[in-house]
Every structure is written in structure tokens, then in C-alpha cells.
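Below is one structure; the comments refer to it alone.
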Amino acid sequence: MATPRHFLQLKDLVRDELDYLFARTRIIKTRFKTYQRYWPLQDRTLVMIFEKASTRTRLSFEAGMHQLGGSAIYLNTRDSQLGRGEPVEDAAQVISRMSDIVMIRTFEQEIIERFASHSRVPVINGLTNEYHPCQILADIFTFIEHRGPIQGKTVAWIGDSNNVCNTWLQAAEIFDFNVHVSTPPGYEVEAERAGLYGTDHFEQFADPMDAARNADLVTTDVWTSMGFEAENEERLRDFADWQVDAEMMRAAKPDAVFMHCLPAHRGEEVAAEVIDGTQSVVWDEAENRLHVQKALMEFLLLGRVND
């Protein structure tokens, strides 16, 4: 049996494969928008395993699999033997014998890596503490739609150096663009955790206004990620000066776009006038999770297709 391809972090695919995914996404999205039925994954089954709550991840994967002609099964670890201590390796052996592809949204990256190492089918990272590769696929595709190639551009990340930030840093090395990161003291990027081995595409700034200056894309995320709720009050104080507001967007290029992976807290990490303003592309960004993930599932199950 051939070894399955997994998508556990962005760099699991090379630049050429990611460029192919974006091209396929454009085709698949056009078919969706023009009501053309496209069922390449008919009779295939996606199992979605959630240890962390989700809106966009569940909806985009479940709807996406149905739109490709397949079916999707939702498993929450609270409602399965995984939540009662069944070894991840045993669950992988069983689940992968009863399905064609698996998406997991969990805590430590180690959990999904252990699952994938014992899976007979492709495994997709729907989010871990360390990485969120499907989100960055959608973000880059959205930038390409609105502004063209991202190579040579500057992305300003304002806020916590979390899983989304880590994945932006991987993307910069793959696609040859720059990331300016500004975090409060004590929340800086951890190079090893980010899987970052070079600094040619990454620069840290103490002042968020400096990070945003002349950026092509300004992006942020909630100040308190899932699993860090106990730190919420402390984080609200620490991040108070790291809100993306109209002044910060004026420091970026005039045609800069704003992104946020959602859910957003207006008045905290982003001002309402920014996320609801003319430079915001967050709703296209959210929708594109659906389309890039359809292209990803098609690629992992069928390889490159030419139709």
C-alpha cells in the first residue's frame, strides 16, 4: 500500500504543489459560483475529529466534502473513545480503515503527527497549537485574488505569535515574501516552535506601527487563543497597544488589505472601522477556506487532475 500524503504543516507541500493547489482552487471556486456539479470524490468519506471547538473549520470541511460528492462524519473527542483514553495510534488504525481522509483539530502538534504515522489515509491539520496551515492557504489565495502574486510583498502580523503567525512565517520562506511581526514583550516568536530556520523573510518590531509601515497586508488574530483562557485578563492588558486601527492601516500601503482568521473581537485586536471597512477582505478570506480545502482534499486523494 502506498504511503499517504499528509498535510500537517504548510511545508509538507513544496512551492510547485502549493501553486497547483491555488490554480485548482480557482477552478473549483468558479464551478461552485456557477452551480456546476463537480463530484470527483463521490463515495469518499472524510472523518473530522475535533478536540477544539470550531465554526469555520467544521463548516468548510463538511460542506466542501459534500460539494465534491463525498460524505463527512463529525467526531468530537468528548463523544468518542479518544476522549476516554484510547491511544491515538489505535484510533488512527481503526478510523483510517473506515474512511478515505481524516481532518483533525486538536492541541499539540505531536498528537496529529502520532495519528498520521499510524494512518492508512491522508491526514489534514485543521488546527493545532503550533500551526494552522489551511488558514494560510486561504489567506494567500485571497491575497492573490485581490492583489496578485504575494512574492516580494510584505505581510505585517500584529499581536500574538500564535499558530497562525507561525504558519505565515513558514509561508514566507516558501513563497519568498516578508513578514513583519510585532508582539508585546514576552510574546515574541519562538523560532523552533514556529519551525523557522532562516531569518531572511522575517523581522521583529517592538512598535506595531513600524511593523505595519508600507505593508501590503496587515493581519492579526484574537489576543487569547483557545487553551489560554486563564490568561485572558493579563493578555487584555499586555496587548492594549497592539490593536489594528485606522491609524495603523494608514501606515501600511494605500492599497493594503486587512485579514483576520475569525472569530474577531471588535475593540480588542481590531477596530470595527478596520474589519468592517473597505480594506478588509475577511469575508472572502473566510469563504476561501471552503475552496482551498476542496482543492487540498482532491489533491491528497487523487493527485494532480487535468480537468
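Chain labels A, B, ... are given in the sequence in which chains occur in the C-alpha cells; within each chain residues are numbered consecutively from 1, and ligands are likewise numbered from 1 in the order shown.
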Helix (DSSP H, G or I) positions in segment 81-155 of chain A, given as a PyMOL selection string: chain A and resi 81-84+88-95+109-117+133-147
Selection to disk with N, CA and C atoms, as a compact mmCIF listing (two decimals), in the first residue's frame:
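result_13.txt, freshly written:
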```txt
# COMPACT_ATOMS: atom_id res chain seq x y z
N GLN A 81 -14.16 7.26 21.94
CA GLN A 81 -13.20 6.59 22.83
C GLN A 81 -11.90 7.37 22.98
N LEU A 82 -11.61 8.26 22.01
CA LEU A 82 -10.41 9.10 22.15
C LEU A 82 -10.50 9.94 23.42
N GLY A 83 -11.71 10.37 23.75
CA GLY A 83 -11.90 11.17 24.95
C GLY A 83 -11.85 10.36 26.23
N ARG A 84 -11.81 9.03 26.09
CA ARG A 84 -11.77 8.15 27.27
C ARG A 84 -10.43 7.43 27.39
N VAL A 88 -3.98 7.30 20.68
CA VAL A 88 -4.13 7.95 19.37
C VAL A 88 -3.75 6.98 18.25
N GLU A 89 -2.71 6.18 18.48
CA GLU A 89 -2.24 5.25 17.46
C GLU A 89 -3.31 4.20 17.13
N ASP A 90 -4.03 3.71 18.15
CA ASP A 90 -5.08 2.72 17.92
C ASP A 90 -6.25 3.35 17.16
N ALA A 91 -6.62 4.56 17.56
CA ALA A 91 -7.71 5.25 16.88
C ALA A 91 -7.38 5.47 15.41
N ALA A 92 -6.13 5.83 15.13
CA ALA A 92 -5.72 6.05 13.75
C ALA A 92 -5.85 4.78 12.91
N GLN A 93 -5.45 3.65 13.49
CA GLN A 93 -5.54 2.37 12.77
C GLN A 93 -6.98 2.07 12.38
N VAL A 94 -7.91 2.29 13.30
CA VAL A 94 -9.31 1.95 13.06
C VAL A 94 -9.98 2.96 12.13
N ILE A 95 -9.86 4.24 12.47
CA ILE A 95 -10.54 5.29 11.70
C ILE A 95 -10.07 5.29 10.25
N GLN A 109 0.80 19.59 18.34
CA GLN A 109 1.14 19.07 17.01
C GLN A 109 1.54 17.60 17.10
N GLU A 110 2.13 17.20 18.22
CA GLU A 110 2.56 15.81 18.39
C GLU A 110 1.39 14.84 18.24
N ILE A 111 0.19 15.25 18.67
CA ILE A 111 -0.97 14.37 18.59
C ILE A 111 -1.29 14.03 17.14
N ILE A 112 -1.33 15.04 16.28
CA ILE A 112 -1.67 14.81 14.89
C ILE A 112 -0.55 14.05 14.17
N GLU A 113 0.69 14.28 14.57
CA GLU A 113 1.81 13.54 13.97
C GLU A 113 1.76 12.07 14.35
N ARG A 114 1.41 11.78 15.59
CA ARG A 114 1.25 10.38 16.01
C ARG A 114 0.12 9.71 15.25
N PHE A 115 -0.99 10.42 15.11
CA PHE A 115 -2.12 9.86 14.36
C PHE A 115 -1.72 9.57 12.92
N ALA A 116 -1.08 10.55 12.27
CA ALA A 116 -0.71 10.40 10.86
C ALA A 116 0.26 9.24 10.66
N SER A 117 1.16 9.03 11.61
CA SER A 117 2.16 7.97 11.46
C SER A 117 1.54 6.58 11.48
N PRO A 133 -2.24 25.47 8.94
CA PRO A 133 -1.87 25.58 7.52
C PRO A 133 -3.04 25.82 6.57
N CYS A 134 -4.23 25.29 6.87
CA CYS A 134 -5.36 25.51 5.96
C CYS A 134 -5.77 26.98 5.95
N GLN A 135 -5.63 27.65 7.10
CA GLN A 135 -5.95 29.07 7.16
C GLN A 135 -5.02 29.88 6.27
N ILE A 136 -3.74 29.57 6.29
CA ILE A 136 -2.80 30.35 5.49
C ILE A 136 -2.94 30.04 4.01
N LEU A 137 -3.33 28.81 3.66
CA LEU A 137 -3.68 28.54 2.26
C LEU A 137 -4.78 29.50 1.81
N ALA A 138 -5.82 29.63 2.63
CA ALA A 138 -6.93 30.51 2.28
C ALA A 138 -6.49 31.98 2.22
N ASP A 139 -5.62 32.37 3.16
CA ASP A 139 -5.18 33.76 3.21
C ASP A 139 -4.36 34.13 1.98
N ILE A 140 -3.44 33.28 1.61
CA ILE A 140 -2.60 33.57 0.45
C ILE A 140 -3.43 33.55 -0.83
N PHE A 141 -4.34 32.58 -0.94
CA PHE A 141 -5.21 32.56 -2.13
C PHE A 141 -6.04 33.84 -2.21
N THR A 142 -6.52 34.32 -1.07
CA THR A 142 -7.31 35.55 -1.04
C THR A 142 -6.47 36.75 -1.47
N PHE A 143 -5.23 36.80 -1.00
CA PHE A 143 -4.35 37.90 -1.42
C PHE A 143 -4.13 37.86 -2.93
N ILE A 144 -3.88 36.66 -3.47
CA ILE A 144 -3.66 36.52 -4.91
C ILE A 144 -4.89 36.99 -5.68
N GLU A 145 -6.07 36.63 -5.21
CA GLU A 145 -7.31 37.07 -5.86
C GLU A 145 -7.41 38.59 -5.92
N HIS A 146 -7.04 39.25 -4.84
CA HIS A 146 -7.23 40.70 -4.74
C HIS A 146 -6.05 41.51 -5.26
N ARG A 147 -4.82 40.98 -5.09
CA ARG A 147 -3.65 41.80 -5.38
C ARG A 147 -2.60 41.12 -6.27
```
12 Å contact set for Ala63 of chain A, only C-alpha atoms, chain neighbours under 5 positions out, as JSON, numbers by chain: {"A": [32, 46, 48, 55, 56, 57, 58, 68, 69, 70, 71, 72, 73, 74, 287, 289, 290, 291, 293, 294]}
Could you dump the residues just selected with N, CA and C atoms as a CSV table (one decimal), in the first residue's frame?
```
chain,number,residue,atom,x,y,z
A,32,PHE,N,-18.2,26.2,-8.3
A,32,PHE,CA,-19.2,26.4,-7.2
A,32,PHE,C,-20.0,27.7,-7.5
A,46,LEU,N,-14.9,11.6,4.5
A,46,LEU,CA,-14.0,12.4,5.3
A,46,LEU,C,-14.4,12.2,6.8
A,48,MET,N,-13.9,13.9,10.4
A,48,MET,CA,-13.4,15.2,11.0
A,48,MET,C,-13.4,14.9,12.6
A,55,THR,N,-16.2,26.7,14.2
A,55,THR,CA,-17.3,27.1,13.3
A,55,THR,C,-16.8,26.9,11.9
A,56,ARG,N,-15.8,27.7,11.4
A,56,ARG,CA,-15.4,27.7,10.1
A,56,ARG,C,-14.7,26.4,9.6
A,57,THR,N,-14.0,25.8,10.5
A,57,THR,CA,-13.3,24.6,10.1
A,57,THR,C,-14.3,23.5,9.9
A,58,ARG,N,-15.2,23.3,10.8
A,58,ARG,CA,-16.2,22.2,10.5
A,58,ARG,C,-17.0,22.5,9.3
A,68,LEU,N,-18.0,18.1,-3.2
A,68,LEU,CA,-17.2,17.3,-4.0
A,68,LEU,C,-17.8,15.9,-4.2
A,69,GLY,N,-19.0,15.6,-3.7
A,69,GLY,CA,-19.7,14.4,-3.9
A,69,GLY,C,-19.5,13.3,-2.9
A,70,GLY,N,-18.7,13.6,-1.8
A,70,GLY,CA,-18.4,12.7,-0.8
A,70,GLY,C,-19.3,12.9,0.5
A,71,SER,N,-18.9,12.3,1.5
A,71,SER,CA,-19.7,12.5,2.8
A,71,SER,C,-18.7,12.8,3.9
A,72,ALA,N,-19.2,13.4,5.0
A,72,ALA,CA,-18.3,13.8,6.1
A,72,ALA,C,-18.9,13.3,7.4
A,73,ILE,N,-18.1,12.8,8.3
A,73,ILE,CA,-18.6,12.4,9.6
A,73,ILE,C,-17.9,13.2,10.6
A,74,TYR,N,-18.6,13.7,11.6
A,74,TYR,CA,-18.1,14.6,12.6
A,74,TYR,C,-17.9,13.7,13.9
A,287,GLU,N,-14.6,32.6,3.3
A,287,GLU,CA,-15.2,31.7,2.2
A,287,GLU,C,-14.1,30.9,1.6
A,289,ARG,N,-11.6,29.4,2.7
A,289,ARG,CA,-11.3,28.2,3.4
A,289,ARG,C,-12.0,27.0,2.7
A,290,LEU,N,-13.2,27.2,2.4
A,290,LEU,CA,-14.0,26.2,1.7
A,290,LEU,C,-13.4,25.7,0.4
A,291,HIS,N,-12.9,26.7,-0.4
A,291,HIS,CA,-12.5,26.3,-1.7
A,291,HIS,C,-11.0,25.7,-1.7
A,293,GLN,N,-9.6,24.1,0.7
A,293,GLN,CA,-9.7,22.8,1.3
A,293,GLN,C,-10.3,21.8,0.4
A,294,LYS,N,-11.2,22.2,-0.5
A,294,LYS,CA,-11.7,21.2,-1.5
A,294,LYS,C,-10.5,20.9,-2.5
```
Residues flagged strand (DSSP E or B) by DSSP in segment 155-303 of chain A, as an NGL selection string: :A and (155-158 or 178-182 or 202-204 or 217-220 or 244 or 257-260 or 266 or 270 or 280)
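Going from atom CA of Ile104 of chain A to atom CA of Gln170 of chain A covers 20.2 Å.
When only C-alpha atoms are used to compute distances to Thr30 of chain A, the closest of the residues A:Asn129, A:Asn288, A:Trp223, A:Gln279 turns out to be A:Asn288.
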Hey, which bits of segment 133-222 of chain A sit within 12 Å of segment 228-231 of chain A, and for each residue what's the closest pair of atoms and how far apart in Å (one decimal), counting only C-alpha atoms, rows by chain and increasing number, as JSON lines?
```
{"residue": "A:Asp160", "atom": "CA", "partner": "A:Phe228", "partner_atom": "CA", "distance": 11.6}
{"residue": "A:Asn162", "atom": "CA", "partner": "A:Phe228", "partner_atom": "CA", "distance": 11.0}
{"residue": "A:Val222", "atom": "CA", "partner": "A:Phe228", "partner_atom": "CA", "distance": 11.0}
```
Expected file: the selected residues, C-alpha atoms, as an mmCIF file, in the first residue's frame:
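The resulting file, part.cif, is reproduced below:
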```cif
data_model
loop_
_atom_site.group_PDB
_atom_site.id
_atom_site.type_symbol
_atom_site.label_atom_id
_atom_site.label_comp_id
_atom_site.auth_asym_id
_atom_site.auth_seq_id
_atom_site.Cartn_x
_atom_site.Cartn_y
_atom_site.Cartn_z
ATOM 1 C CA ASP A 160 0.287 37.183 19.488
ATOM 2 C CA ASN A 162 0.452 32.034 17.743
ATOM 3 C CA VAL A 222 -7.532 37.198 18.826
#
```
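For the pair atom CA of Leu10 of chain A and atom CA of Thr128 of chain A, the separation is 12.4 Å.
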Given only C-alpha atoms as the counted atoms, nearest of A:Tyr20, A:Tyr131, A:Phe202, A:Phe107 to Leu8 of chain A: A:Tyr131
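Straight-line separation from atom CA of Ser96 of chain A to atom CA of Pro4 of chain A: 10.8 Å.
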Residue contacts of segment 210-220 of chain A (6 Å, only C-alpha atoms) excluding same-chain residues fewer than 2 positions away, as a ChimeraX atom specification: /A:154-158,180,205,207-208,251-253,256-260
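Ranking A:Asp100, A:Asp307, A:Asp245, A:Asp12 by their shortest atom-to-atom distance to Ser119 of chain A, with only C-alpha atoms included, puts A:Asp100 first.
Distance check against His132 of chain A using only C-alpha atoms: of A:Cys261, A:Met297, A:Arg97, A:Glu62, the minimum falls on A:Cys261.
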